[in-house]
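Here's my_file.csv, which has CSV, C-alpha atoms:
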```csv
chain,number,residue,atom,x,y,z
A,572,MET,CA,146.5,98.1,53.8
A,573,ILE,CA,145.6,94.6,52.4
A,574,THR,CA,146.3,94.4,48.7
A,575,VAL,CA,144.4,92.4,46.1
A,576,ARG,CA,147.3,90.1,45.7
A,577,GLN,CA,147.1,89.2,49.4
A,578,THR,CA,143.5,88.1,49.2
A,579,PRO,CA,142.7,84.5,48.4
A,580,ALA,CA,139.6,85.1,46.2
A,581,PRO,CA,141.3,85.9,42.9
A,582,ARG,CA,143.6,82.9,43.1
A,583,ARG,CA,140.7,80.6,43.9
A,584,GLN,CA,138.4,82.3,41.4
A,585,LEU,CA,140.4,82.2,38.1
A,586,ASN,CA,141.6,85.8,38.7
A,587,LEU,CA,138.0,87.1,39.2
A,588,ALA,CA,136.6,89.0,42.2
A,589,THR,CA,133.4,90.7,43.2
A,590,ARG,CA,133.2,94.2,44.5
A,591,HIS,CA,132.1,92.9,47.8
A,592,GLN,CA,135.2,90.7,48.0
A,593,LEU,CA,137.5,93.6,47.0
A,594,THR,CA,136.1,96.0,49.5
A,595,ALA,CA,136.2,93.4,52.2
A,596,ALA,CA,139.9,93.0,51.4
A,597,GLY,CA,140.4,96.7,51.9
A,598,VAL,CA,140.5,97.9,48.3
A,599,PRO,CA,138.9,101.4,48.2
A,600,ASP,CA,136.0,102.0,45.8
A,601,GLY,CA,138.1,104.7,44.1
A,602,THR,CA,140.8,102.2,43.3
A,603,ILE,CA,138.3,99.7,41.8
A,604,THR,CA,136.9,102.5,39.6
A,605,SER,CA,140.3,103.7,38.5
A,606,ARG,CA,141.6,100.3,37.7
A,607,THR,CA,138.6,99.4,35.6
A,608,ARG,CA,138.7,102.5,33.4
A,609,PRO,CA,139.5,101.9,29.7
A,610,GLY,CA,143.1,100.9,29.4
A,611,GLY,CA,143.3,100.0,33.1
A,612,PRO,CA,144.7,96.7,34.4
A,613,TRP,CA,141.3,95.3,35.4
A,614,GLN,CA,138.0,94.7,33.5
A,615,ARG,CA,134.4,94.9,34.5
A,616,LEU,CA,132.8,91.7,33.1
A,617,LEU,CA,129.5,92.0,34.8
A,618,PRO,CA,127.9,94.4,37.4
A,619,ARG,CA,130.1,94.1,40.5
A,620,VAL,CA,132.3,91.4,38.9
A,621,TYR,CA,135.8,92.1,37.8
A,622,LEU,CA,138.6,90.3,35.9
A,623,LEU,CA,141.9,91.3,37.4
A,624,GLN,CA,143.9,91.0,34.3
A,625,THR,CA,144.3,92.9,31.0
A,626,GLY,CA,143.9,89.9,28.6
A,627,PRO,CA,140.4,88.8,27.4
A,628,PRO,CA,138.5,86.2,29.6
A,629,ASP,CA,138.4,82.6,28.5
A,630,HIS,CA,135.3,80.5,28.6
A,631,ARG,CA,135.9,79.3,32.1
A,632,GLN,CA,136.3,82.9,33.4
A,633,ARG,CA,133.1,84.0,31.7
A,634,ALA,CA,131.2,81.0,33.2
A,635,LEU,CA,132.5,81.7,36.7
A,636,ALA,CA,131.8,85.4,36.3
A,637,ALA,CA,128.1,84.5,35.9
A,638,VAL,CA,128.1,82.5,39.1
A,639,LEU,CA,129.9,85.3,41.0
A,640,TYR,CA,127.3,87.7,39.8
A,641,ALA,CA,124.4,85.5,41.0
A,642,ALA,CA,125.8,84.2,44.3
A,643,GLU,CA,124.8,85.9,47.5
A,644,PRO,CA,127.4,88.5,48.4
A,645,ASP,CA,128.3,87.1,51.8
A,646,ALA,CA,128.4,83.5,50.7
A,647,ASP,CA,131.4,81.6,49.3
A,648,PRO,CA,130.5,81.6,45.6
A,649,LEU,CA,132.5,78.5,44.9
A,650,SER,CA,130.5,76.4,47.4
A,651,GLY,CA,127.5,76.0,45.1
A,652,ASP,CA,125.1,76.8,47.9
A,653,THR,CA,123.6,80.0,46.5
A,654,ALA,CA,124.4,79.9,42.8
A,655,ALA,CA,125.2,77.2,40.3
A,656,LEU,CA,125.7,77.1,36.6
A,657,THR,CA,123.1,75.0,34.7
A,658,GLY,CA,121.5,74.5,31.3
A,659,GLY,CA,123.6,75.0,28.2
A,660,ALA,CA,126.3,76.8,30.1
A,661,ALA,CA,127.0,73.8,32.3
A,662,LEU,CA,126.7,71.3,29.4
A,663,ALA,CA,129.2,73.4,27.4
A,664,LEU,CA,131.8,73.0,30.2
A,665,LEU,CA,131.4,69.2,29.9
A,666,GLY,CA,132.1,69.4,26.2
A,667,ILE,CA,128.6,68.7,24.9
A,668,ARG,CA,128.8,69.7,21.3
A,669,GLU,CA,125.2,70.6,20.8
A,670,ALA,CA,125.0,73.0,23.8
A,671,PRO,CA,125.3,76.7,22.8
A,672,TYR,CA,128.3,78.6,24.1
A,673,THR,CA,127.4,80.1,27.4
A,674,ALA,CA,128.3,83.7,27.9
A,675,SER,CA,128.8,86.8,25.8
A,676,THR,CA,131.7,89.1,25.2
A,677,ALA,CA,132.0,92.5,23.5
A,678,TYR,CA,132.9,90.7,20.3
A,679,ALA,CA,130.3,87.9,20.1
A,680,PRO,CA,126.7,87.8,21.3
A,681,TYR,CA,126.3,84.3,22.9
A,682,ALA,CA,123.3,83.0,24.7
A,683,PRO,CA,123.1,84.1,28.4
A,684,ALA,CA,124.4,81.7,31.0
A,685,ASP,CA,121.7,80.1,33.1
A,686,VAL,CA,122.5,80.2,36.8
A,687,LEU,CA,120.3,78.7,39.5
A,688,ILE,CA,119.5,80.7,42.6
A,689,ARG,CA,117.4,79.7,45.6
A,690,ALA,CA,113.8,80.8,45.5
A,691,PRO,CA,112.2,83.1,46.5
A,692,ARG,CA,115.3,85.2,46.0
A,693,ARG,CA,115.1,87.4,42.9
A,694,LEU,CA,118.0,88.8,40.8
A,695,THR,CA,118.0,91.1,37.8
A,696,GLY,CA,119.3,89.3,34.7
A,697,THR,CA,121.8,90.7,32.2
A,698,PRO,CA,122.5,90.0,28.6
A,699,GLU,CA,125.2,87.6,29.8
A,700,VAL,CA,123.4,86.0,32.8
A,701,ARG,CA,119.9,84.5,33.2
A,702,PRO,CA,119.2,83.9,36.9
A,703,LEU,CA,116.7,81.0,37.5
A,704,PRO,CA,115.1,80.9,40.9
A,705,THR,CA,114.3,77.3,42.0
A,706,SER,CA,112.7,75.6,45.0
A,707,ARG,CA,114.3,72.3,43.9
A,708,TRP,CA,117.8,73.0,44.8
A,709,PRO,CA,120.0,70.2,43.4
A,710,ARG,CA,123.2,68.6,44.5
A,711,THR,CA,126.1,70.6,42.9
A,712,ILE,CA,129.5,69.6,41.5
A,713,THR,CA,132.5,71.6,40.5
A,714,VAL,CA,133.4,71.4,36.8
A,715,SER,CA,136.7,73.1,35.8
A,716,GLY,CA,136.5,75.2,39.0
A,717,ILE,CA,132.9,76.4,38.4
A,718,PRO,CA,130.0,75.3,40.7
A,719,SER,CA,127.5,73.5,38.4
A,720,THR,CA,124.5,71.3,38.6
A,721,ARG,CA,124.9,67.7,37.8
A,722,PRO,CA,124.6,66.9,34.0
A,723,VAL,CA,121.2,65.4,34.4
A,724,ARG,CA,119.8,68.6,35.9
A,725,ALA,CA,121.7,70.8,33.5
A,726,ALA,CA,120.2,68.8,30.6
A,727,ALA,CA,116.6,69.2,32.0
A,728,ASP,CA,117.1,72.9,32.6
A,729,TYR,CA,118.4,73.2,29.0
A,730,ALA,CA,115.4,71.4,27.6
A,731,ALA,CA,113.0,73.6,29.6
A,732,ARG,CA,114.3,76.7,27.9
A,733,THR,CA,114.8,75.4,24.3
A,734,GLN,CA,112.0,75.5,21.7
A,735,ASP,CA,113.8,73.7,18.8
A,736,PRO,CA,112.8,70.0,18.9
A,737,ASP,CA,115.8,68.9,17.0
A,738,ARG,CA,118.2,70.7,19.3
A,739,ILE,CA,116.4,69.2,22.4
A,740,ARG,CA,116.7,65.7,20.9
A,741,SER,CA,120.3,66.1,19.9
A,742,THR,CA,121.5,67.7,23.1
A,743,LEU,CA,119.8,65.2,25.4
A,744,ALA,CA,121.1,62.3,23.2
A,745,HIS,CA,124.7,63.7,23.5
A,746,VAL,CA,124.4,63.9,27.3
A,747,VAL,CA,123.4,60.3,27.5
A,748,GLN,CA,125.8,59.1,24.8
A,749,ALA,CA,128.7,60.8,26.5
A,750,GLY,CA,127.9,58.8,29.6
A,751,TRP,CA,127.0,61.8,31.8
A,752,CYS,CA,123.7,60.2,32.9
A,753,HIS,CA,121.5,57.2,32.3
A,754,PRO,CA,118.3,57.5,30.3
A,755,GLN,CA,116.2,56.4,33.2
A,756,ASP,CA,117.8,59.1,35.4
A,757,LEU,CA,117.2,61.8,32.8
A,758,HIS,CA,113.6,60.6,32.4
A,759,ALA,CA,113.1,60.9,36.2
A,760,GLU,CA,114.6,64.4,36.2
A,761,LEU,CA,112.3,65.5,33.3
A,762,ARG,CA,109.3,64.1,35.1
A,763,ALA,CA,110.3,65.9,38.4
A,764,ALA,CA,110.6,69.1,36.5
A,765,ARG,CA,107.1,68.5,34.9
A,766,LEU,CA,108.6,68.7,31.4
A,767,LEU,CA,107.2,65.5,30.0
A,768,THR,CA,104.0,67.4,29.2
A,769,ARG,CA,105.9,69.0,26.3
A,770,PRO,CA,105.7,66.8,23.2
A,771,ALA,CA,109.2,67.5,22.0
A,772,ILE,CA,110.7,66.6,25.4
A,773,ARG,CA,108.5,63.6,25.8
A,774,ALA,CA,109.5,62.3,22.4
A,775,ALA,CA,113.2,62.8,23.1
A,776,ALA,CA,112.9,61.0,26.4
A,777,ALA,CA,111.1,58.1,24.8
A,778,GLU,CA,113.8,57.7,22.2
A,779,LEU,CA,116.5,57.6,24.8
A,780,LEU,CA,114.7,55.0,26.9
A,781,ALA,CA,114.3,52.9,23.7
A,782,GLY,CA,118.0,53.1,23.1
A,783,THR,CA,118.3,55.9,20.6
A,784,ARG,CA,121.5,57.8,21.1
A,785,SER,CA,121.7,60.6,18.4
A,786,LEU,CA,119.5,62.9,16.3
A,787,ALA,CA,120.2,60.8,13.2
A,788,GLU,CA,119.1,57.6,15.1
A,789,ALA,CA,116.0,59.4,16.2
A,790,ARG,CA,115.2,60.4,12.6
A,791,ALA,CA,115.8,56.8,11.5
A,792,ARG,CA,113.5,55.6,14.3
A,793,GLU,CA,110.8,58.0,13.0
A,794,ALA,CA,111.2,56.8,9.4
A,795,LEU,CA,111.1,53.1,10.4
A,796,SER,CA,108.1,53.6,12.7
A,797,ALA,CA,106.1,54.8,9.7
A,798,THR,CA,106.7,51.5,7.9
A,799,ASP,CA,105.6,47.9,8.3
A,800,LEU,CA,109.2,46.7,8.9
A,801,PRO,CA,109.9,44.8,12.1
A,802,THR,CA,111.0,46.9,15.1
A,803,PRO,CA,114.7,46.7,15.7
A,804,LEU,CA,116.8,46.9,18.8
A,805,TRP,CA,118.6,50.2,19.1
A,806,ASN,CA,122.3,50.2,20.2
A,807,ALA,CA,122.2,46.5,21.1
A,808,ARG,CA,125.5,45.0,22.1
A,809,LEU,CA,126.3,42.0,20.0
A,810,TYR,CA,128.4,39.1,21.3
A,811,THR,CA,129.9,36.0,19.8
A,812,PRO,CA,128.9,32.6,21.4
A,813,ASP,CA,132.1,32.6,23.5
A,814,GLY,CA,131.1,36.0,25.0
A,815,ALA,CA,133.5,38.2,23.0
A,816,PHE,CA,132.1,41.6,22.1
A,817,LEU,CA,131.4,41.9,18.4
A,818,ALA,CA,129.9,45.4,17.8
A,819,SER,CA,127.0,47.7,18.7
A,820,PRO,CA,125.2,48.7,15.5
A,821,ASP,CA,122.8,51.6,15.6
A,822,ALA,CA,119.8,49.4,14.8
A,823,TYR,CA,119.7,45.6,14.7
A,824,TRP,CA,117.1,43.0,13.6
A,825,PRO,CA,118.1,39.8,15.5
A,826,ASP,CA,115.7,37.5,13.7
A,827,GLU,CA,116.8,38.6,10.3
A,828,GLY,CA,120.5,39.2,11.1
A,829,VAL,CA,120.4,42.8,9.6
A,830,ALA,CA,122.1,45.9,11.0
A,831,LEU,CA,121.8,49.6,10.3
A,832,GLU,CA,125.0,51.6,10.8
A,833,ILE,CA,124.8,55.4,10.7
A,834,ASP,CA,128.3,56.7,10.0
A,835,SER,CA,129.0,60.4,10.2
A,836,ALA,CA,132.0,61.8,8.4
A,837,GLU,CA,132.4,64.2,11.3
A,838,TYR,CA,133.6,61.3,13.4
A,839,HIS,CA,135.4,59.4,10.7
A,840,TYR,CA,137.5,62.1,9.0
A,841,THR,CA,140.8,60.5,9.9
A,842,ARG,CA,142.2,57.4,8.2
A,843,ASP,CA,142.3,55.4,11.4
A,844,ALA,CA,138.7,56.2,12.3
A,845,TRP,CA,137.6,55.3,8.8
A,846,HIS,CA,139.5,52.0,9.0
A,847,ALA,CA,137.9,51.3,12.4
A,848,THR,CA,134.5,51.8,10.8
A,849,LEU,CA,135.3,49.4,8.0
A,850,ARG,CA,136.7,46.8,10.4
A,851,ARG,CA,133.6,46.9,12.5
A,852,ARG,CA,131.5,46.3,9.3
A,853,LEU,CA,133.7,43.4,8.3
A,854,ARG,CA,133.3,41.9,11.8
A,855,LEU,CA,129.6,42.0,11.5
A,856,GLU,CA,129.5,40.6,8.0
A,857,SER,CA,132.0,37.8,8.9
A,858,HIS,CA,129.4,36.6,11.4
A,859,GLY,CA,126.6,36.5,8.8
A,860,ILE,CA,125.1,39.9,9.6
A,861,LEU,CA,124.0,42.0,6.6
A,862,VAL,CA,124.7,45.7,7.0
A,863,VAL,CA,123.1,48.8,5.6
A,864,SER,CA,125.3,51.9,6.0
A,865,ALA,CA,124.0,55.5,5.8
A,866,THR,CA,125.1,58.9,6.8
A,867,PRO,CA,123.0,61.3,9.0
A,868,SER,CA,122.3,63.5,5.8
A,869,MET,CA,120.9,60.4,4.1
A,870,ILE,CA,118.7,59.7,7.0
A,871,ARG,CA,117.5,63.4,7.0
A,872,ASP,CA,117.2,64.0,3.2
A,873,THR,CA,116.5,60.6,1.6
A,874,PRO,CA,115.0,58.3,4.4
A,875,THR,CA,113.0,56.4,1.8
A,876,GLU,CA,116.1,55.1,0.1
A,877,VAL,CA,117.5,53.9,3.4
A,878,VAL,CA,114.2,52.2,4.3
A,879,ALA,CA,114.2,50.6,0.8
A,880,ALA,CA,117.7,49.2,1.3
A,881,LEU,CA,116.7,47.8,4.7
A,882,ARG,CA,113.5,46.3,3.3
A,883,ALA,CA,115.5,44.5,0.6
A,884,LEU,CA,117.7,42.8,3.1
A,885,LEU,CA,115.0,42.1,5.7
A,886,THR,CA,112.9,40.4,3.0
A,887,LEU,CA,115.5,38.3,1.3
A,888,THR,CA,114.2,35.1,0.0
A,889,THR,CA,117.5,33.6,-1.1
A,890,PRO,CA,118.5,30.9,1.4
A,891,ARG,CA,121.4,31.9,3.5
A,892,PRO,CA,122.8,30.6,6.8
A,893,THR,CA,121.1,32.1,9.8
A,894,PRO,CA,123.7,34.2,11.7
A,895,PRO,CA,124.0,32.1,14.9
A,896,THR,CA,127.0,33.9,16.4
A,897,ALA,CA,125.4,37.2,17.4
A,898,LEU,CA,123.6,37.5,20.7
A,899,ALA,CA,121.7,40.7,21.4
A,900,ARG,CA,122.3,42.0,24.9
A,901,GLY,CA,121.0,45.5,24.6
A,902,HIS,CA,118.0,47.8,24.9
A,903,GLN,CA,114.6,46.1,24.7
A,904,GLN,CA,111.5,48.0,23.6
A,905,LEU,CA,110.0,49.5,26.7
A,906,SER,CA,106.6,50.8,27.6
A,907,PHE,CA,106.8,54.5,28.6
A,908,PRO,CA,104.7,55.5,31.6
A,909,PHE,CA,104.0,59.1,30.7
```
Serialized structure, structure tokens:
Amino acid sequence: MITVRQTPAPRRQLNLATRHQLTAAGVPDGTITSRTRPGGPWQRLLPRVYLLQTGPPDHRQRALAAVLYAAEPDADPLSGDTAALTGGAALALLGIREAPYTASTAYAPYAPADVLIRAPRRLTGTPEVRPLPTSRWPRTITVSGIPSTRPVRAAADYAARTQDPDRIRSTLAHVVQAGWCHPQDLHAELRAARLLTRPAIRAAAAELLAGTRSLAEARAREALSATDLPTPLWNARLYTPDGAFLASPDAYWPDEGVALEIDSAEYHYTRDAWHATLRRRLRLESHGILVVSATPSMIRDTPTEVVAALRALLTLTTPRPTPPTALARGHQQLSFPF
């Protein structure tokens, strides 16, 4: 008789196997039942999906279990041809901080993992898995051993099923900021999915096209758009006349030589990170650029104070040298074809 240890599936699948794979390898139904009883050496994670170990599953095993559950029984579940992780589940594998954790355990009720399947196939969902039939089957990739959609599709699928505008904005911004996709590609994917009709998604896409890269920047953009202050460049890259990179402030007014820096304590909690922030500000100021520093909580709770500080610098009447050594090579204001 072929034993489970002789089958390649558990080794390729993070010590996971489906009932179909086990029976095809010669494991009797009775053996599967007995080994998955309480106290047994195996665990039933999902209907027809088993973890062949006694310890608890890690996040990769929970994510792959969702794909194994959704894949067609006779297909190779690792191929990405019949099932692929998407949405928040796929983004979490990439380390996107804003994406909710993907699966659930007996100890913590997480959001269900979204898994694409090919339409018109239908599959009953579970508290841990949400099958999403689609006629727009994407190119798939493998992330940490799990078949997944590309980040741009995962971000669009996440936005489609999220109602909180702030969470949509923050998550889409993190996907772009981390370099997983370009704002134009994300905009195209959202358009293809017909999601730009939703105001929250349309606004988030517009902010990213304009150069905004975080929720705090988006809030700053909203606060500034309600004033008569000049429109800044967002995340422009500043260079010295000899072409050396200077800095990339969150917002920059090239005519006035004023920059807005949004500094989060979350990213600057170490001495080295804090010193790097101070050195960046010194570099800007040494080239004649006036800097207003604010935290995300200031942008959220007291935006009028931040705007007042910017207004004071942008309207200075005291003569001072025009900062000639900063060249903006960044995002220009774009028109958005919605």
TODO: Identify, on the basis of all atoms listed in the file, every residue whose closest approach to Leu831 of chain A does not exceed 9 Å; exclude the query and any residue fewer than 2 positions from it along the same chain; express the result as a ChimeraX atom specification.
DONE: /A:820-824,829,833,861-865,881
Output C-alpha atoms for every residue in that selection, as a PDB file, keeping the file's coordinate frame.
```pdb
ATOM      1  CA  PRO A 820     125.200  48.700  15.500  1.00  0.00           C
ATOM      2  CA  ASP A 821     122.800  51.600  15.600  1.00  0.00           C
ATOM      3  CA  ALA A 822     119.800  49.400  14.800  1.00  0.00           C
ATOM      4  CA  TYR A 823     119.700  45.600  14.700  1.00  0.00           C
ATOM      5  CA  TRP A 824     117.100  43.000  13.600  1.00  0.00           C
ATOM      6  CA  VAL A 829     120.400  42.800   9.600  1.00  0.00           C
ATOM      7  CA  ILE A 833     124.800  55.400  10.700  1.00  0.00           C
ATOM      8  CA  LEU A 861     124.000  42.000   6.600  1.00  0.00           C
ATOM      9  CA  VAL A 862     124.700  45.700   7.000  1.00  0.00           C
ATOM     10  CA  VAL A 863     123.100  48.800   5.600  1.00  0.00           C
ATOM     11  CA  SER A 864     125.300  51.900   6.000  1.00  0.00           C
ATOM     12  CA  ALA A 865     124.000  55.500   5.800  1.00  0.00           C
ATOM     13  CA  LEU A 881     116.700  47.800   4.700  1.00  0.00           C
TER      14      LEU A 881
END
```
Task: Pick from A:Leu743, A:Glu793, A:Arg738, A:Arg851 nearest to Phe816 of chain A, counting only C-alpha atoms - done: A:Arg851
Open item on the list: Which residue is closest to Arg633 of chain A? Choose from A:Ile717, A:Leu665, A:Ala763, A:Ala774 and count only C-alpha atoms.
Closed with: A:Ile717
- [ ] Please determine the residues with any atom at most 12 Å from (127.5, 72.0, 28.8) (coordinates as given in the file, with all atoms listed in the file counting) and report them as a ChimeraX atom specification.
- [x] /A:630-631,634,656-674,684-685,714-715,717,719-729,742-743,745-746,749,751
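Taking atom CA of Leu766 of chain A and atom CA of Ala642 of chain A as endpoints, the distance between them is 26.5 Å.
In this structure, atom CA of Arg619 of chain A sits 7.7 Å away from atom CA of His591 of chain A.
Distance check against Ser650 of chain A using only C-alpha atoms: of A:Gly814, A:Ala682, A:Glu856, A:Thr711, the minimum falls on A:Thr711.
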Task: segment 693-695 of chain A surroundings by only C-alpha atoms, 8 Å radius, close-in-sequence under 2 positions cut, as number ranges by chain - done: A: 641, 690-691, 697, 702, 704
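Atom to atom, atom CA of Ala744 of chain A and atom CA of Ile712 of chain A stand 21.4 Å apart.
Among A:Thr625, A:Thr589, A:Thr886, A:Ser785, the residue with the shortest atom-to-atom distance to Ile870 of chain A, counting all atoms listed in the file, is A:Ser785.
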Task: Which residue of A:Leu649, A:Gln755, A:Pro618, A:Glu827 approaches Gly696 of chain A most closely, using all atoms listed in the file - done: A:Pro618
